[in-house]
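Asks: Dropping in entry_2.txt, with compact mmCIF, C-alpha atoms.
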```txt
# COMPACT_ATOMS: atom_id res chain seq x y z
CA MET A 1 3.13 23.83 26.22
CA ILE A 2 2.34 20.37 24.86
CA ARG A 3 4.34 17.44 26.18
CA LEU A 4 4.01 14.01 24.58
CA ALA A 5 4.21 10.63 26.28
CA ALA A 6 5.41 8.51 23.38
CA PRO A 7 7.17 5.13 23.58
CA TRP A 8 10.04 6.30 21.37
CA LEU A 9 11.01 8.91 23.95
CA THR A 10 12.22 6.15 26.27
CA ASP A 11 13.11 3.53 23.64
CA PRO A 12 16.77 2.67 24.37
CA ALA A 13 17.58 2.44 20.64
CA ALA A 14 16.21 5.94 19.93
CA VAL A 15 17.70 7.36 23.12
CA ALA A 16 21.14 6.08 22.06
CA VAL A 17 20.90 8.06 18.81
CA VAL A 18 19.77 11.21 20.60
CA ASP A 19 22.55 10.82 23.17
CA ALA A 20 25.16 10.43 20.42
CA LEU A 21 24.08 13.60 18.62
CA THR A 22 23.71 15.57 21.84
CA ALA A 23 27.24 14.61 22.86
CA GLU A 24 28.48 16.14 19.60
CA GLY A 25 26.25 19.20 19.30
CA GLY A 26 24.87 19.88 22.74
CA GLU A 27 21.32 20.05 24.07
CA GLY A 28 18.84 21.29 21.50
CA CYS A 29 20.75 20.07 18.45
CA VAL A 30 18.32 17.20 17.77
CA ARG A 31 14.55 16.73 17.80
CA PHE A 32 12.13 14.07 16.72
CA VAL A 33 10.25 15.18 13.63
CA GLY A 34 7.28 14.57 11.38
CA GLY A 35 5.03 11.55 11.43
CA CYS A 36 6.09 10.11 14.77
CA VAL A 37 5.32 13.44 16.50
CA ARG A 38 2.01 13.85 14.66
CA ASP A 39 0.91 10.29 15.45
CA ALA A 40 1.85 10.59 19.13
CA LEU A 41 -0.11 13.84 19.32
CA LEU A 42 -3.16 12.01 17.96
CA ALA A 43 -2.57 8.92 20.12
CA ARG A 44 -2.15 6.81 17.00
CA GLU A 45 0.21 3.92 16.61
CA GLY A 46 3.12 5.24 14.57
CA GLY A 47 5.68 3.81 12.21
CA ASP A 48 9.18 5.12 11.54
CA VAL A 49 10.89 7.37 14.08
CA ASP A 50 12.80 10.17 12.33
CA LEU A 51 15.01 12.88 13.74
CA ALA A 52 16.15 16.32 12.62
CA THR A 53 19.39 17.97 13.68
CA THR A 54 21.39 21.14 13.32
CA LEU A 55 24.53 19.02 12.79
CA GLU A 56 25.67 18.64 9.21
CA PRO A 57 26.05 15.09 7.82
CA PRO A 58 29.82 14.66 8.41
CA ARG A 59 29.36 15.56 12.08
CA VAL A 60 26.32 13.28 12.35
CA ILE A 61 28.40 10.38 11.01
CA GLU A 62 31.26 11.17 13.40
CA ALA A 63 28.90 11.40 16.36
CA LEU A 64 27.21 8.08 15.60
CA LYS A 65 30.49 6.26 15.10
CA ALA A 66 31.93 7.74 18.29
CA ALA A 67 28.95 6.28 20.15
CA GLY A 68 29.47 2.86 18.59
CA LEU A 69 26.46 3.15 16.28
CA LYS A 70 26.41 2.38 12.58
CA ALA A 71 26.03 5.35 10.22
CA VAL A 72 24.76 4.77 6.67
CA PRO A 73 25.04 7.75 4.28
CA THR A 74 21.67 7.09 2.62
CA GLY A 75 21.19 10.61 1.27
CA VAL A 76 23.97 12.86 2.48
CA GLU A 77 23.55 15.25 -0.44
CA HIS A 78 20.10 16.01 0.98
CA GLY A 79 21.29 15.83 4.57
CA THR A 80 20.10 12.33 5.50
CA VAL A 81 22.13 9.77 7.40
CA THR A 82 20.57 6.54 8.65
CA ALA A 83 21.59 5.64 12.17
CA VAL A 84 21.38 1.96 13.02
CA SER A 85 20.78 1.39 16.71
CA ALA A 86 19.92 -2.01 18.21
CA GLY A 87 19.57 -3.24 14.66
CA ARG A 88 16.90 -0.68 13.75
CA PRO A 89 17.14 2.28 11.37
CA PHE A 90 16.53 5.90 12.36
CA GLU A 91 16.71 8.58 9.68
CA VAL A 92 18.61 11.64 10.85
CA THR A 93 18.28 14.66 8.57
CA THR A 94 20.08 17.97 8.85
CA LEU A 95 17.88 21.07 8.87
CA ARG A 96 17.77 22.43 5.34
CA ARG A 97 16.27 24.81 2.83
CA ASP A 98 15.79 24.36 -0.90
CA LEU A 99 18.00 26.29 -3.29
CA ALA A 100 16.57 24.83 -6.52
CA THR A 101 14.18 22.05 -7.55
CA ASP A 102 12.76 20.56 -10.74
CA GLY A 103 9.72 18.99 -9.10
CA ARG A 104 11.51 15.70 -8.47
CA ARG A 105 14.92 16.51 -7.03
CA ALA A 106 16.08 19.44 -4.95
CA VAL A 107 19.40 21.16 -4.35
CA VAL A 108 19.53 22.05 -0.67
CA ALA A 109 21.55 24.16 1.72
CA PHE A 110 21.91 23.25 5.37
CA THR A 111 20.74 25.56 8.13
CA ASP A 112 20.45 25.68 11.90
CA ASP A 113 17.07 27.44 11.79
CA TRP A 114 14.19 25.14 12.80
CA THR A 115 11.58 27.51 11.37
CA GLU A 116 13.35 27.62 8.03
CA ASP A 117 13.40 23.82 7.95
CA ALA A 118 9.68 23.71 8.75
CA ARG A 119 8.88 26.09 5.88
CA ARG A 120 10.14 23.60 3.28
CA ARG A 121 8.08 20.67 4.59
CA ASP A 122 4.93 19.56 2.86
CA PHE A 123 2.01 19.97 5.30
CA ARG A 124 1.66 21.85 8.54
CA LEU A 125 0.62 18.73 10.48
CA ASN A 126 3.92 17.12 9.41
CA ALA A 127 6.05 20.16 10.32
CA LEU A 128 6.08 19.23 14.01
CA TYR A 129 9.10 18.58 16.21
CA ALA A 130 9.57 17.21 19.74
CA ASP A 131 12.63 17.29 21.95
CA ARG A 132 13.87 14.33 23.96
CA HIS A 133 11.54 15.26 26.82
CA GLY A 134 8.46 15.21 24.57
CA GLU A 135 7.96 18.97 24.36
CA VAL A 136 6.32 19.78 21.01
CA PHE A 137 7.56 22.59 18.75
CA ASP A 138 5.20 23.90 16.08
CA PRO A 139 7.10 26.45 13.93
CA THR A 140 4.18 27.12 11.56
CA GLY A 141 1.87 27.80 14.49
CA GLU A 142 -0.84 25.66 12.87
CA GLY A 143 0.47 22.10 12.83
CA VAL A 144 -0.96 20.98 16.15
CA ALA A 145 -4.36 22.54 15.42
CA ASP A 146 -4.43 21.00 11.93
CA ALA A 147 -3.63 17.53 13.23
CA ARG A 148 -6.34 17.70 15.87
CA ALA A 149 -8.92 19.14 13.48
CA GLY A 150 -8.16 16.76 10.61
CA ARG A 151 -6.92 19.48 8.25
CA VAL A 152 -4.26 18.71 5.65
CA VAL A 153 -2.89 22.11 4.64
CA PHE A 154 0.30 22.85 2.73
CA VAL A 155 3.00 24.82 4.50
CA GLY A 156 2.90 28.30 2.98
CA ASP A 157 1.96 28.53 -0.69
CA ALA A 158 0.50 25.24 -1.97
CA ARG A 159 1.67 25.67 -5.55
CA ARG A 160 5.21 26.42 -4.49
CA ARG A 161 5.28 23.30 -2.31
CA ILE A 162 4.07 21.24 -5.28
CA GLU A 163 6.63 22.83 -7.60
CA GLU A 164 9.31 21.62 -5.18
CA ASP A 165 8.09 18.03 -5.40
CA HIS A 166 5.20 16.87 -7.58
CA LEU A 167 4.76 13.82 -5.37
CA ARG A 168 3.11 16.18 -2.90
CA ILE A 169 0.02 16.11 -5.10
CA LEU A 170 -0.49 12.45 -4.27
CA ARG A 171 0.64 12.95 -0.67
CA PHE A 172 -2.07 15.60 -0.24
CA PHE A 173 -4.75 13.03 -1.02
CA ARG A 174 -3.00 10.24 0.88
CA PHE A 175 -2.70 12.26 4.08
CA PHE A 176 -6.29 13.44 3.71
CA ALA A 177 -7.39 9.80 3.44
CA TRP A 178 -5.61 8.96 6.71
CA PHE A 179 -5.95 12.17 8.73
CA GLY A 180 -8.52 14.41 7.07
CA HIS A 181 -12.04 15.21 8.19
CA ASP A 182 -14.94 16.53 6.10
CA ARG A 183 -13.57 17.99 2.84
CA PRO A 184 -10.01 18.63 1.59
CA ASP A 185 -8.51 22.06 2.03
CA PRO A 186 -9.84 24.15 -0.93
CA ASP A 187 -6.55 25.93 -1.65
CA GLY A 188 -4.65 22.66 -1.61
CA LEU A 189 -7.22 20.95 -3.82
CA ASP A 190 -7.16 23.83 -6.32
CA ALA A 191 -3.37 23.71 -6.46
CA CYS A 192 -3.38 19.94 -7.06
CA ALA A 193 -5.94 20.35 -9.85
CA ALA A 194 -4.01 23.17 -11.50
CA MET A 195 -0.74 21.21 -11.39
CA ALA A 196 -2.09 17.70 -11.93
CA GLU A 197 0.12 17.12 -14.96
CA GLY A 198 3.07 17.03 -12.57
CA VAL A 199 2.00 13.49 -11.64
CA ASP A 200 3.05 12.38 -15.12
CA ARG A 201 6.66 13.32 -14.32
CA LEU A 202 6.90 11.01 -11.31
CA SER A 203 8.37 7.54 -11.41
CA ALA A 204 5.87 4.69 -11.54
CA GLU A 205 7.21 3.27 -8.28
CA ARG A 206 6.56 6.52 -6.39
CA VAL A 207 3.06 6.78 -7.83
CA SER A 208 2.06 3.21 -7.04
CA SER A 209 3.51 3.43 -3.52
CA GLU A 210 1.47 6.54 -2.70
CA LEU A 211 -1.66 5.12 -4.35
CA LEU A 212 -1.59 1.87 -2.39
CA LYS A 213 -0.88 3.69 0.89
CA LEU A 214 -3.89 5.90 0.20
CA LEU A 215 -6.12 2.94 -0.63
CA ALA A 216 -5.08 1.22 2.61
CA ALA A 217 -6.70 3.97 4.71
CA PRO A 218 -9.74 2.91 6.76
CA ASP A 219 -12.11 4.84 4.47
CA PRO A 220 -10.42 6.53 1.49
CA THR A 221 -13.71 7.36 -0.26
CA GLU A 222 -13.57 11.15 0.07
CA ALA A 223 -9.90 11.25 -0.89
CA VAL A 224 -10.54 9.22 -4.04
CA ARG A 225 -13.51 11.41 -4.95
CA ALA A 226 -11.37 14.51 -4.48
CA MET A 227 -8.69 12.99 -6.72
CA ALA A 228 -11.33 12.50 -9.40
CA VAL A 229 -12.57 16.09 -9.07
CA ALA A 230 -8.99 17.40 -9.35
CA GLY A 231 -8.28 15.35 -12.48
CA VAL A 232 -5.56 13.38 -10.68
CA LEU A 233 -7.31 10.01 -10.51
CA THR A 234 -7.46 9.55 -14.28
CA ARG A 235 -3.76 10.34 -14.61
CA VAL A 236 -2.89 7.74 -12.00
CA LEU A 237 -5.29 4.98 -13.06
CA GLY A 238 -5.32 5.46 -16.82
CA SER A 239 -9.14 5.42 -16.62
CA GLU A 240 -11.85 7.49 -14.98
CA GLY A 241 -12.37 4.98 -12.18
CA ASP A 242 -15.60 3.23 -11.20
CA LEU A 243 -16.37 5.27 -8.09
CA ASP A 244 -19.71 3.60 -7.36
CA ARG A 245 -18.19 0.14 -7.29
CA PHE A 246 -15.19 1.44 -5.36
CA VAL A 247 -17.46 2.78 -2.61
CA ALA A 248 -19.16 -0.60 -2.28
CA VAL A 249 -15.95 -2.63 -2.33
CA GLN A 250 -13.96 -0.44 0.06
CA ALA A 251 -16.73 -0.93 2.64
CA ARG A 252 -16.32 -4.72 2.32
CA SER A 253 -12.55 -5.01 2.21
CA ALA A 254 -9.54 -3.06 3.49
CA ASP A 255 -7.24 -4.69 0.93
CA PRO A 256 -5.69 -1.88 -1.17
CA LEU A 257 -5.18 -4.13 -4.22
CA LEU A 258 -8.82 -5.18 -4.25
CA ARG A 259 -9.88 -1.55 -3.86
CA LEU A 260 -7.66 -0.69 -6.82
CA SER A 261 -9.26 -3.51 -8.80
CA ALA A 262 -12.69 -2.03 -8.05
CA LEU A 263 -11.64 1.26 -9.62
CA TRP A 264 -10.37 -0.35 -12.82
CA PRO A 265 -12.68 -1.81 -15.49
CA ASP A 266 -13.20 -5.57 -15.78
CA ASP A 267 -10.84 -5.86 -18.72
CA ARG A 268 -7.82 -8.16 -18.32
CA VAL A 269 -5.88 -6.54 -21.16
CA PHE A 270 -6.36 -3.03 -19.77
CA VAL A 271 -5.57 -4.10 -16.19
CA ALA A 272 -2.41 -5.95 -17.24
CA ALA A 273 -1.14 -2.87 -19.09
CA ALA A 274 -2.07 -0.53 -16.22
CA ALA A 275 -0.40 -2.76 -13.62
CA ARG A 276 2.78 -2.89 -15.70
CA ARG A 277 2.72 0.88 -16.13
CA LEU A 278 2.58 1.28 -12.35
CA ARG A 279 5.44 -1.24 -12.00
CA LEU A 280 3.47 -3.38 -9.59
CA PRO A 281 5.01 -6.72 -8.56
CA ARG A 282 4.23 -9.67 -10.81
CA ALA A 283 2.12 -11.35 -8.14
CA ALA A 284 -0.01 -8.21 -7.89
CA TRP A 285 -0.42 -8.11 -11.70
CA LYS A 286 -1.69 -11.67 -11.70
CA ARG A 287 -4.13 -11.07 -8.90
CA LEU A 288 -5.49 -7.88 -10.46
CA GLU A 289 -5.86 -9.60 -13.84
CA ASP A 290 -7.75 -12.51 -12.26
CA ALA A 291 -10.04 -10.12 -10.37
CA ALA A 292 -10.77 -8.28 -13.63
CA GLU A 293 -12.26 -11.35 -15.33
CA PRO A 294 -15.77 -10.18 -16.37
CA LEU A 295 -17.54 -13.33 -15.22
CA SER A 296 -20.59 -13.43 -12.98
CA LEU A 297 -20.63 -15.56 -9.86
CA PRO A 298 -22.43 -18.89 -9.85
CA SER A 299 -25.74 -19.08 -8.00
CA ALA A 300 -25.89 -19.01 -4.21
CA ASP A 301 -25.17 -22.74 -4.15
CA PRO A 302 -22.18 -24.08 -2.16
CA ARG A 303 -21.55 -26.77 -4.77
CA ALA A 304 -21.26 -24.17 -7.53
CA ALA A 305 -19.07 -22.02 -5.27
CA ARG A 306 -16.74 -24.96 -4.64
CA ARG A 307 -16.41 -25.52 -8.37
CA LEU A 308 -15.44 -21.88 -8.83
CA VAL A 309 -12.92 -21.94 -5.99
CA HIS A 310 -11.39 -25.12 -7.38
CA ALA A 311 -11.13 -23.58 -10.85
CA ILE A 312 -9.62 -20.18 -10.03
CA GLY A 313 -8.32 -20.51 -6.47
CA PRO A 314 -9.57 -19.13 -3.13
CA LEU A 315 -8.03 -15.65 -3.44
CA ALA A 316 -9.40 -14.96 -6.94
CA ALA A 317 -12.79 -16.28 -5.86
CA GLN A 318 -12.82 -13.99 -2.82
CA ASP A 319 -11.84 -10.99 -4.93
CA ARG A 320 -14.57 -11.70 -7.45
CA ALA A 321 -17.14 -12.19 -4.69
CA LEU A 322 -16.19 -8.95 -2.94
CA LYS A 323 -16.62 -7.06 -6.22
CA SER A 324 -19.94 -8.72 -7.08
CA PRO A 325 -23.27 -6.88 -6.70
CA ASP A 326 -25.00 -10.29 -6.25
CA ALA A 327 -25.07 -10.34 -2.44
CA PRO A 328 -26.44 -13.89 -1.88
CA ALA A 329 -24.00 -15.49 -4.33
CA ALA A 330 -21.15 -13.38 -2.99
CA ALA A 331 -21.83 -14.43 0.60
CA VAL A 332 -21.81 -18.13 -0.29
CA THR A 333 -18.70 -17.82 -2.45
CA LEU A 334 -16.84 -15.90 0.28
CA ALA A 335 -17.73 -18.50 2.91
CA VAL A 336 -16.53 -21.35 0.70
CA ALA A 337 -13.34 -19.54 -0.38
CA ARG A 338 -12.41 -18.78 3.23
CA ASP A 339 -13.36 -22.08 4.85
CA TRP A 340 -12.89 -24.77 2.21
CA THR A 341 -9.58 -26.04 0.89
CA PRO A 342 -9.81 -27.41 -2.67
CA PRO A 343 -8.73 -31.09 -2.55
CA ARG A 344 -6.08 -32.52 -4.82
CA LEU A 345 -7.11 -34.88 -7.57
CA PRO A 346 -7.07 -38.29 -5.80
CA VAL A 347 -5.66 -40.26 -8.76
CA GLY A 348 -2.67 -40.05 -11.07
CA GLY A 349 -1.00 -41.73 -13.99
CA LYS A 350 0.13 -44.72 -11.96
CA ASP A 351 -3.44 -45.46 -10.91
CA VAL A 352 -4.52 -45.39 -14.55
CA ALA A 353 -1.62 -47.68 -15.55
CA ARG A 354 -2.76 -50.30 -13.04
CA LEU A 355 -5.95 -50.61 -15.06
CA GLY A 356 -3.98 -51.54 -18.16
CA VAL A 357 -3.81 -48.14 -19.85
CA ALA A 358 -0.45 -47.49 -21.52
CA PRO A 359 1.21 -44.12 -20.84
CA GLY A 360 0.27 -41.56 -23.47
CA PRO A 361 -2.71 -39.54 -24.68
CA GLU A 362 -5.20 -42.12 -23.44
CA THR A 363 -3.98 -41.65 -19.86
CA GLY A 364 -4.54 -37.92 -20.11
CA ALA A 365 -8.04 -38.46 -21.49
CA VAL A 366 -8.89 -40.83 -18.63
CA LEU A 367 -7.65 -38.41 -15.98
CA LEU A 368 -9.63 -35.59 -17.58
CA ALA A 369 -12.80 -37.70 -17.66
CA PHE A 370 -12.26 -38.69 -14.04
CA GLU A 371 -11.72 -35.07 -12.97
CA ARG A 372 -14.86 -33.83 -14.72
CA SER A 373 -16.96 -36.53 -13.05
CA TRP A 374 -15.33 -35.92 -9.65
CA ILE A 375 -15.95 -32.17 -9.84
CA ALA A 376 -19.53 -32.61 -11.05
CA ASP A 377 -20.24 -34.84 -8.04
CA ASP A 378 -18.79 -32.23 -5.62
CA PHE A 379 -15.32 -33.68 -5.01
CA PRO A 380 -16.30 -36.93 -3.21
CA ALA A 381 -13.64 -38.65 -1.11
CA ASP A 382 -15.03 -42.16 -1.68
CA GLY A 383 -15.79 -44.26 -4.76
CA THR A 384 -12.47 -43.34 -6.36
CA ALA A 385 -11.72 -46.80 -7.81
CA GLU A 386 -15.17 -47.18 -9.32
CA ARG A 387 -15.08 -43.67 -10.79
CA LEU A 388 -11.65 -44.28 -12.35
CA ALA A 389 -12.79 -47.57 -13.89
CA ALA A 390 -15.82 -45.79 -15.32
CA ALA A 391 -13.58 -43.13 -16.80
CA VAL A 392 -11.42 -45.79 -18.50
CA SER A 393 -14.52 -47.43 -19.95
CA ALA A 394 -15.94 -44.12 -21.12
CA VAL A 395 -12.69 -43.12 -22.88
CA ARG A 396 -12.28 -46.50 -24.58
CA GLY A 397 -15.94 -46.58 -25.49
CA SER A 398 -15.59 -43.21 -27.19
CA GLY A 399 -12.79 -44.58 -29.35
CA ARG A 400 -10.04 -42.30 -27.91
```
Can you present the structure in this file as structure tokens?
Replies:
Amino acid sequence: MIRLAAPWLTDPAAVAVVDALTAEGGEGCVRFVGGCVRDALLAREGGDVDLATTLEPPRVIEALKAAGLKAVPTGVEHGTVTAVSAGRPFEVTTLRRDLATDGRRAVVAFTDDWTEDARRRDFRLNALYADRHGEVFDPTGEGVADARAGRVVFVGDARRRIEEDHLRILRFFRFFAWFGHDRPDPDGLDACAAMAEGVDRLSAERVSSELLKLLAAPDPTEAVRAMAVAGVLTRVLGSEGDLDRFVAVQARSADPLLRLSALWPDDRVFVAAAARRLRLPRAAWKRLEDAAEPLSLPSADPRAARRLVHAIGPLAAQDRALKSPDAPAAAVTLAVARDWTPPRLPVGGKDVARLGVAPGPETGAVLLAFERSWIADDFPADGTAERLAAAVSAVRGSGR
């Protein structure tokens, strides 16, 4: 018998949910399920705490309300009710089996059979349950061993699991990136390759969410390579992916957006279209476009690095440096981008007006001349008045 010692077992908010369901359905009607059990087994810090129950949704709602907890019917047609306890959400899902599915949505029937519920889950290491005392239940008989060995194996027939939900193709690679050792399960990889076109039927939001979670893994190299071998990477990216550059960049940065940028070509038009297709947030589009600018870094000179940071901003400069094969220039640029704050232009239109320049195009020309001189001299904090006077003289001398 395996007994966990997880913080959620004694968390008052989680205990309140378990108590509410137990009061309605008796001991054994509710267990913790999935990722929280897997992560506790591996002594990893977990995320969401989910529960499974033999109670059907109406009884779950009644039980929560009777205990003074909020019940949100987030997906009752699929058996899911969100319990809100101490201001935090806990998903409570009734045991179920699939009656029909089109690869995106399923029609389910509820059951009280824990093994039947486990059979419809995606991977054996996720089909784990634990009671309120921490005792682990492993209906497939392989989930605990898989988790400990770093194996990501579909429950039952891999192709059938993918037919139920095509997102499981991407989840196979994502879970391998986070939990897998050595090489992906051959049967699972073959099934993903054979059914790769199913990715095209998924919503962009689901695809981008899985992709970025995968790329956030400590070292997703083998998972990305496996995606390429299976023909999945091209479908997701819209390009083959620059695996050599990706390997170099992922070793330098854990940022999933930068790792994504390393896979895409340095082509702003392509990247903008690809980012829109994946429905990424506008701020992410802009960052990815800036990182795709096919410009080399300046030399390993702090002055040149400061000019670059001033021109494109610290984040874009860091991204470009982390993608650059020029190690000396990249190191200098990174140091400047992280430690130096670009100063604001120390003069404005009012300063120009004090020198007798009327508002209009001439003022703009003076400010531009001043800025060019100020940048060329490495953003000096002194000599501002003299530099501005020189800019006025230069503009008027040029006949502007």
Asks: Got a sec: who's within 12 Å of Leu42 in chain A, counting all atoms listed in the file, leaving out chain neighbours fewer than 2 positions off, as a PyMOL selection string?
Replies: chain A and resi 4-6+35-40+44-46+125+143-150+178-179
Asks: Skip Pro314 in chain A itself and residues of its chain fewer than 4 positions away, then list as a ChimeraX atom specification all residues within 10 Å of it, counting all atoms listed in the file.
Replies: /A:306,308-310,318-320,333-334,336-342
Asks: Calculate how many Å separate CA of Thr93 in chain A from CA of Arg124 in chain A, rounding to one decimal.
Replies: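 According to the coordinates, CA of Thr93 in chain A and CA of Arg124 in chain A are separated by 18.1 Å.
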Asks: For Arg161 in chain A, find every residue with an atom within 8 Å (counting only C-alpha atoms), except residues of its own chain fewer than 5 positions away, and show them as a list in words.
Replies: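 My list of contacting residues is Arg120, Arg121, Asp122, Phe154, Val155, Gly156 and Arg168 of chain A.
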Asks: When you look at His78 in chain A with a cut-off of 9 Å (counting all atoms listed in the file), what residues show up, excluding the ones that are within fewer than 6 positions of it in the same chain? I need them as a compact mmCIF listing (two decimals) with C-alpha atoms, in the frame of the given file.
Replies:
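Output (part.txt):
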```
# COMPACT_ATOMS: atom_id res chain seq x y z
CA THR A 93 18.28 14.66 8.57
CA THR A 94 20.08 17.97 8.85
CA ARG A 96 17.77 22.43 5.34
CA ALA A 106 16.08 19.44 -4.95
CA VAL A 107 19.40 21.16 -4.35
CA VAL A 108 19.53 22.05 -0.67
CA ALA A 109 21.55 24.16 1.72
CA PHE A 110 21.91 23.25 5.37
```
Asks: Which value, in Å to one decimal, gives the distance between CA of Glu197 in chain A and CA of Asp165 in chain A?
Replies: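 Those two atoms sit 12.5 Å apart.
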Asks: For Ala23 in chain A, which of A:Glu62, A:Pro184, A:Phe246, A:Ala376 is the closest residue, counting only C-alpha atoms?
Replies: A:Glu62
